[in-house]
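K.L.:
Okay, handing you the structure first.
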There are 2 protein chains.
Amino acid sequence: MFVYEYRVEGRLKDILIVDCGIGFPDSQMYGVDLLIPDVRYLGDKKNKIRGLVFTHGHDDHIGGIPYVFNKIGKPKMWGTKLTSAFANLKLKESKIQEKVQPVTFDTQLSIGVFRVSFVRMTHSIPDASNLVIKTPVGTIYHGSDFKFDFSPLDDKLPEIAKINEVGKSGVRLALIDCLGSERRGFTPSEQIVGETIEKELSHASGKFIFTTTSSNISRIQLAIEKAIASGRSIAFFGRSIDQNVEEALKLGYMRFSREHIIRDRDLTKLPVSKQFLIVAGSQGQPDSALARIANDRHRYVHIAATDTVMFSADAIPGNEEDVEELIEQIYRKGARVSYSGIMEDLHVSGHGSQGDQMLLVSALGADYIWPIGGTYRHMMQFRRLVMELGYDTKHILIPQDGAKIDISRQGECVTAGHVTLENIMIDGLGVGDVRDIVLRDRQTIALEGIVVIVVPVVQATGRLAGEPDIISRGFVYMKESGDLIGRMKHVVRTSMKLKKGRLMNWQFVKKEISEQTAEFVSKETGRYPLIVPVVVEV
Amino acid sequence: MFVYEYRVEGRLKDILIVDCGIGFPDSQMYGVDLLIPDVRYLGDKKNKIRGLVFTHGHDDHIGGIPYVFNKIGKPKMWGTKLTSAFANLKLKESKIQEKVQPVTFDTQLSIGVFRVSFVRMTHSIPDASNLVIKTPVGTIYHGSDFKFDFSPLDDKLPEIAKINEVGKSGVRLALIDCLGSERRGFTPSEQIVGETIEKELSHASGKFIFTTTSSNISRIQLAIEKAIASGRSIAFFGRSIDQNVEEALKLGYMRFSREHIIRDRDLTKLPVSKQFLIVAGSQGQPDSALARIANDRHRYVHIAATDTVMFSADAIPGNEEDVEELIEQIYRKGARVSYSGIMEDLHVSGHGSQGDQMLLVSALGADYIWPIGGTYRHMMQFRRLVMELGYDTKHILIPQDGAKIDISRQGECVTAGHVTLENIMIDGLGVGDVRDIVLRDRQTIALEGIVVIVVPVVQATGRLAGEPDIISRGFVYMKESGDLIGRMKHVVRTSMKLKKGRLMNWQFVKKEISEQTAEFVSKETGRYPLIVPVVVEV
């Protein structure tokens, strides 16, 4: 989420928000489903928010909106046709009445003091846009996710002319998607993948199972075209694919005749050589359709030795192991598997490489450049590139997450202050109720286990009401650890230091029990479980 | 670990063991440090074990020996010079007196009925060998980790002539390292990496920090040579690197003058442009020297903006996220980082690719082929290759872990039976005391948290002795969840179904508490914590 503020003599006048995505937890965020923007900074500025613009329909740009829409005062929202349709699906699911207004690439919006217009860009979803934001202190180019694909599947070219035009009229600051800054040259066209599908289809005698990211509408359209050309019928598996295809078809972003589509339950009526399955789960997600098919847990589909399974997506960092495990399972069924480990051109990135990035930077000729959408190493790599174009480090901003960039009326851009941001974590139905302390406990227990020590005490007298009890989970195999547990109980008893049979200071006693048990356990087992002493009053 | 048994009319005569390595836990094996071979099958056959041969000195081939040496009856052990030296370091650390006997590549061993001789192979460690095992039912070629490098750093070529010779005399079964079966062509020579180090050194103005696998003696020797040639002095960081370099130097597997080595604490006496640091931690291990340097937790070394850090190793599957995080941290210091994401030829594999594999298979012309050292998908990919050489599936064995391969006197090889194997997990000081149930608990708690419900009961009467108490960790942020906890307590109380104020059947009551609390919690929060009801007698 990007927040543009307009201030006059320090007084806040207008706020424009661009995008509101979700993030994915790293592997240390045990049990967290997803992350959403931390909008607390906007809490007392709601009445200055004049609107929100989405650049394209991917979850990392629209997926956070149901969670924060009310918290940011239900702003007006805009996006291109497919973008708004996908965002509206999410709002509807969360029972939010308000809708994102669809715009065309010719629309000019006035959002407070900001004049926003759209530049068509190519990306791995149709209708992706960059934004030109005219402000009293100059023009800002908001260059979110893009690549230059001059043979896109929908024949809608990136609007280079518009980019050149805005470049000529002067750009103060350009934000540029830097995720691909480690790759040389240009990102190839989506057409490449079509040729690979054709080649794989020509070898396939059994079912053809195709998997990709379910928001990658263009790729799915491509797969459908190749399937039809080879005389196969198509079935979809996975709720997100169903939904996205339905919506894209309705809006005209996909084009195929429904006669080629077959329902999952009717698949068996076709010979396997006529089946083409488009299946969700390319990231190895354990509950996805593909994982269920690979594990023989699917109602209609099983993998046979004559089948071909094509992965048309690269593993997102952190998912490699899940994807490999899934590939391994499919191999065990004897099927042919195509994935990037053994084959090229199964997938092309939606993000520009060094060539795409330098082309955009050169065309814009902005005073200042700000790499966005990557981690620090992508930004640093991007900076190295842009310096080859003649920029110095002062004119390339490398802000941290939460940084504020100040653009003065004189045209200078500097990092000025910082908003403290936290990871707002979603786990199950809870929003933000998993805090860092909860995660830390999960991490400790995951690696070392937990030991709960229960000390029953008579409330009135402070005397022990029975023997301390020890419960552990994830620590040692209890059935064979009787001796260890017995000695732990002894440590607990001696650590309690009763005064005339009474527990005097419970906080102190708890601390003693924790410390002495931890010391004993680490010496005996080399482990550091979470130790939780509990005094139960009876 | 491979076990070769010789039987006459079903009666076991002799056992030869090849290798005894450690494995690495996958990301679901929370808190497990490493895996060792499950040798229970050998428990009642100790007196038939005639010896153990190590093929090379990598941890996944020697690292398990301290844990199982006594359990397999302290067999005699052999290995090539560096192999035995590295294995003996491990035995000594574990205070085991017995030693691995060093052999040369001309040694012929008689181990029971087995005649074992050694074939020098190239791999990412010197002195790597394949084994020729002559038996009454034919010759077995044990082709563990190898590639064909005809310009190895130590100038010791793979012994192709020996391979051809054994091929000519007839090979019944060849076990072949299949890990690289997804890569086309031949694996490049180690020399390639030397050129990359030179190039990187020529750009470096500050400290040069080089990291690779600490057992990769050849790579470290290469780095040292390039460092000396560029006029830099060398310091080592990391216990395993220190130890391996010391041992390899002593035995003549590394060669450099000690005048070029500088102690860590003396580094600051040199200008940064004269420093070359060889540092352990290329897999992003959180406690490694490199991680501590990157986090400013190292006593002598900090990263400056002018430094260069070169990763000369690829991330092992499962470590990608840790490595990326480490690279990110180094970037934040402003240093230049070379890693395989942005640069080629930083690392070459020690395992052969398709070309190497087909060369070995062709030279041997074995009756049967058995791909080893890879996962199922590597085996299947390997099978496809070998079938192009004219083998049929009957002559390519694809056994599961624990399978027994039977070679008859008539020369037929078939899978015959199966030994049940478990993951023997090492956690801290414990060997095997983390069982599947312990891991399952760790997994559940890691993702969902734990809720302990304590019910104090008067032992004599079966009556409640006080209010149930609820303790949770890793579940919700307790401080802000008072309401939820209160309602959980209510659910606990109503689920107890007291009969005249008494708990009648504790097992039944515990089950009721678990089930009803779980139902309530999942409905309220969408989570499924581990619920542990505890009845405390007072």
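Each chain in the structure tokens gets a letter, A, B and so on, in the order shown; residues start at 1 in every chain, and ligands are counted from 1 in the order they appear.
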Extract, using only C-alpha atoms, all DNA, RNA and protein residues at most 10 Å from Glu512 (chain A), discarding same-chain residues fewer than 3 positions from it, and format them as a VMD selection string.
P.N.:
chain A and resid 492 494 to 497 506 to 509 515 to 518 533
K.L.:
Counting only C-alpha atoms, which residues from chain B have an atom at most 7 Å from any atom of chain A, and could you show them as a ChimeraX atom specification?
P.N.:
/B:30-31,182-183,317-318,321,328,331-332,341-342,376-377,428-430,433-435,438-439,441-443,445-449,456,465-466,473-477,525-527,537-538
K.L.:
Enter the distance from CA of Asp177 (chain A) to CA of Phe382 (chain A), in Å, rounded to one decimal.
P.N.:
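That distance, rounded to one decimal, is 9.5 Å.
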K.L.:
Set the distance at 6 Å and use only C-alpha atoms: which residues neighbour Gly374 (chain B) once local chain neighbours fewer than 2 positions away are removed? I'd like the list as a list in words.
P.N.:
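Counting only the stated atoms, we get Cys178, Leu179, Ile372 and His378 of chain B.
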K.L.:
Save the residues we just selected, N, CA and C atoms, as a PDB file, in the first residue's frame?
P.N.:
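After the write, again.pdb holds the following:
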```pdb
ATOM      1  N   CYS B 178      22.713 -40.729  -8.989  1.00  0.00           N
ATOM      2  CA  CYS B 178      21.798 -40.165  -9.994  1.00  0.00           C
ATOM      3  C   CYS B 178      21.356 -38.744  -9.675  1.00  0.00           C
ATOM      4  N   LEU B 179      21.960 -38.117  -8.661  1.00  0.00           N
ATOM      5  CA  LEU B 179      21.461 -36.818  -8.183  1.00  0.00           C
ATOM      6  C   LEU B 179      21.418 -35.740  -9.279  1.00  0.00           C
ATOM      7  N   ILE B 372      21.246 -44.446  -7.362  1.00  0.00           N
ATOM      8  CA  ILE B 372      21.275 -44.181  -5.917  1.00  0.00           C
ATOM      9  C   ILE B 372      21.555 -42.695  -5.667  1.00  0.00           C
ATOM     10  N   HIS B 378      14.699 -37.983  -9.342  1.00  0.00           N
ATOM     11  CA  HIS B 378      16.017 -38.156  -9.956  1.00  0.00           C
ATOM     12  C   HIS B 378      16.171 -39.559 -10.523  1.00  0.00           C
TER      13      HIS B 378
END
```
K.L.:
Identify which of the residues A:Lys404, A:His351, A:Arg463, A:Arg120 lies closest to Ile176 (chain A), counting only C-alpha atoms when measuring atom-to-atom distances.
P.N.:
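Closest candidate: A:His351.
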K.L.:
I'd like the contact shell of Phe208 (chain B) - 8 Å cut-off, only C-alpha atoms, skipping same-chain residues fewer than 4 positions apart - returned as a ChimeraX atom specification.
P.N.:
/B:201,204,273,275-277,307-310
K.L.:
Please report, as a ChimeraX atom specification, each residue of region 195-288 of chain A to which DSSP assigns alpha helix (DSSP H) when run on this structure's backbone.
P.N.:
/A:195-203,217-229,239-250
K.L.:
Find the residues around region 2-7 of chain A up to 9 Å (only C-alpha atoms counted), leave out those fewer than 6 positions away in its own chain, and share them as a list in words.
P.N.:
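Here the answer would be Lys13, Asp14, Ile15, Leu16, Ile17, Val18, Asp19, Cys20, Lys48, Ile49, Gly112, Val113, Phe114, Thr135 and Pro136 of chain A.
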K.L.:
What does the file look like for those residues with N, CA, C and O atoms, as a PDB file, in the first residue's frame?
P.N.:
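And here is the file that came out, out.pdb:
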```
ATOM      1  N   LYS A  13      -3.880  18.028   3.616  1.00  0.00           N
ATOM      2  CA  LYS A  13      -5.069  18.383   2.847  1.00  0.00           C
ATOM      3  C   LYS A  13      -5.761  17.149   2.267  1.00  0.00           C
ATOM      4  O   LYS A  13      -6.948  16.940   2.478  1.00  0.00           O
ATOM      5  N   ASP A  14      -5.008  16.363   1.507  1.00  0.00           N
ATOM      6  CA  ASP A  14      -5.615  15.252   0.786  1.00  0.00           C
ATOM      7  C   ASP A  14      -4.731  14.010   0.855  1.00  0.00           C
ATOM      8  O   ASP A  14      -3.503  14.120   0.834  1.00  0.00           O
ATOM      9  N   ILE A  15      -5.394  12.853   0.876  1.00  0.00           N
ATOM     10  CA  ILE A  15      -4.663  11.589   0.798  1.00  0.00           C
ATOM     11  C   ILE A  15      -5.184  10.752  -0.369  1.00  0.00           C
ATOM     12  O   ILE A  15      -6.395  10.627  -0.558  1.00  0.00           O
ATOM     13  N   LEU A  16      -4.223  10.242  -1.148  1.00  0.00           N
ATOM     14  CA  LEU A  16      -4.540   9.274  -2.205  1.00  0.00           C
ATOM     15  C   LEU A  16      -3.836   7.966  -1.829  1.00  0.00           C
ATOM     16  O   LEU A  16      -2.654   7.977  -1.501  1.00  0.00           O
ATOM     17  N   ILE A  17      -4.585   6.851  -1.854  1.00  0.00           N
ATOM     18  CA  ILE A  17      -3.973   5.557  -1.572  1.00  0.00           C
ATOM     19  C   ILE A  17      -3.857   4.771  -2.873  1.00  0.00           C
ATOM     20  O   ILE A  17      -4.771   4.798  -3.705  1.00  0.00           O
ATOM     21  N   VAL A  18      -2.726   4.118  -3.070  1.00  0.00           N
ATOM     22  CA  VAL A  18      -2.569   3.244  -4.230  1.00  0.00           C
ATOM     23  C   VAL A  18      -2.339   1.818  -3.733  1.00  0.00           C
ATOM     24  O   VAL A  18      -1.402   1.555  -2.988  1.00  0.00           O
ATOM     25  N   ASP A  19      -3.223   0.929  -4.106  1.00  0.00           N
ATOM     26  CA  ASP A  19      -3.140  -0.511  -3.817  1.00  0.00           C
ATOM     27  C   ASP A  19      -3.318  -0.858  -2.338  1.00  0.00           C
ATOM     28  O   ASP A  19      -3.091  -0.023  -1.451  1.00  0.00           O
ATOM     29  N   CYS A  20      -3.760  -2.077  -2.105  1.00  0.00           N
ATOM     30  CA  CYS A  20      -3.994  -2.556  -0.744  1.00  0.00           C
ATOM     31  C   CYS A  20      -3.913  -4.086  -0.797  1.00  0.00           C
ATOM     32  O   CYS A  20      -4.920  -4.766  -0.947  1.00  0.00           O
ATOM     33  N   LYS A  48      -9.407  12.696   5.431  1.00  0.00           N
ATOM     34  CA  LYS A  48      -8.610  13.301   4.360  1.00  0.00           C
ATOM     35  C   LYS A  48      -8.374  12.347   3.192  1.00  0.00           C
ATOM     36  O   LYS A  48      -7.785  12.728   2.181  1.00  0.00           O
ATOM     37  N   ILE A  49      -8.814  11.103   3.355  1.00  0.00           N
ATOM     38  CA  ILE A  49      -8.590  10.123   2.286  1.00  0.00           C
ATOM     39  C   ILE A  49      -9.609  10.365   1.183  1.00  0.00           C
ATOM     40  O   ILE A  49     -10.807  10.223   1.390  1.00  0.00           O
ATOM     41  N   GLY A 112      -8.949  14.497  -4.774  1.00  0.00           N
ATOM     42  CA  GLY A 112      -8.381  15.611  -4.035  1.00  0.00           C
ATOM     43  C   GLY A 112      -7.556  16.442  -5.003  1.00  0.00           C
ATOM     44  O   GLY A 112      -7.973  16.698  -6.135  1.00  0.00           O
ATOM     45  N   VAL A 113      -6.357  16.779  -4.591  1.00  0.00           N
ATOM     46  CA  VAL A 113      -5.497  17.604  -5.431  1.00  0.00           C
ATOM     47  C   VAL A 113      -4.808  16.772  -6.519  1.00  0.00           C
ATOM     48  O   VAL A 113      -4.213  17.313  -7.433  1.00  0.00           O
ATOM     49  N   PHE A 114      -4.901  15.449  -6.405  1.00  0.00           N
ATOM     50  CA  PHE A 114      -4.164  14.559  -7.316  1.00  0.00           C
ATOM     51  C   PHE A 114      -4.931  14.325  -8.617  1.00  0.00           C
ATOM     52  O   PHE A 114      -6.125  14.048  -8.598  1.00  0.00           O
ATOM     53  N   THR A 135       0.715  16.318  -9.450  1.00  0.00           N
ATOM     54  CA  THR A 135       0.539  16.980  -8.157  1.00  0.00           C
ATOM     55  C   THR A 135       1.108  18.396  -8.259  1.00  0.00           C
ATOM     56  O   THR A 135       1.851  18.693  -9.205  1.00  0.00           O
ATOM     57  N   PRO A 136       0.786  19.258  -7.312  1.00  0.00           N
ATOM     58  CA  PRO A 136       1.336  20.619  -7.331  1.00  0.00           C
ATOM     59  C   PRO A 136       2.856  20.650  -7.251  1.00  0.00           C
ATOM     60  O   PRO A 136       3.471  21.658  -7.604  1.00  0.00           O
TER      61      PRO A 136
END
```
K.L.:
Using only C-alpha atoms for the distances, tell me which of B:Gly138, B:Gly281, B:Gly252, B:Gly486 is nearest to Ser240 (chain B).
P.N.:
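Checking each of B:Gly138, B:Gly281, B:Gly252, B:Gly486 against Ser240 (chain B), counting only C-alpha atoms, the winner is B:Gly281.
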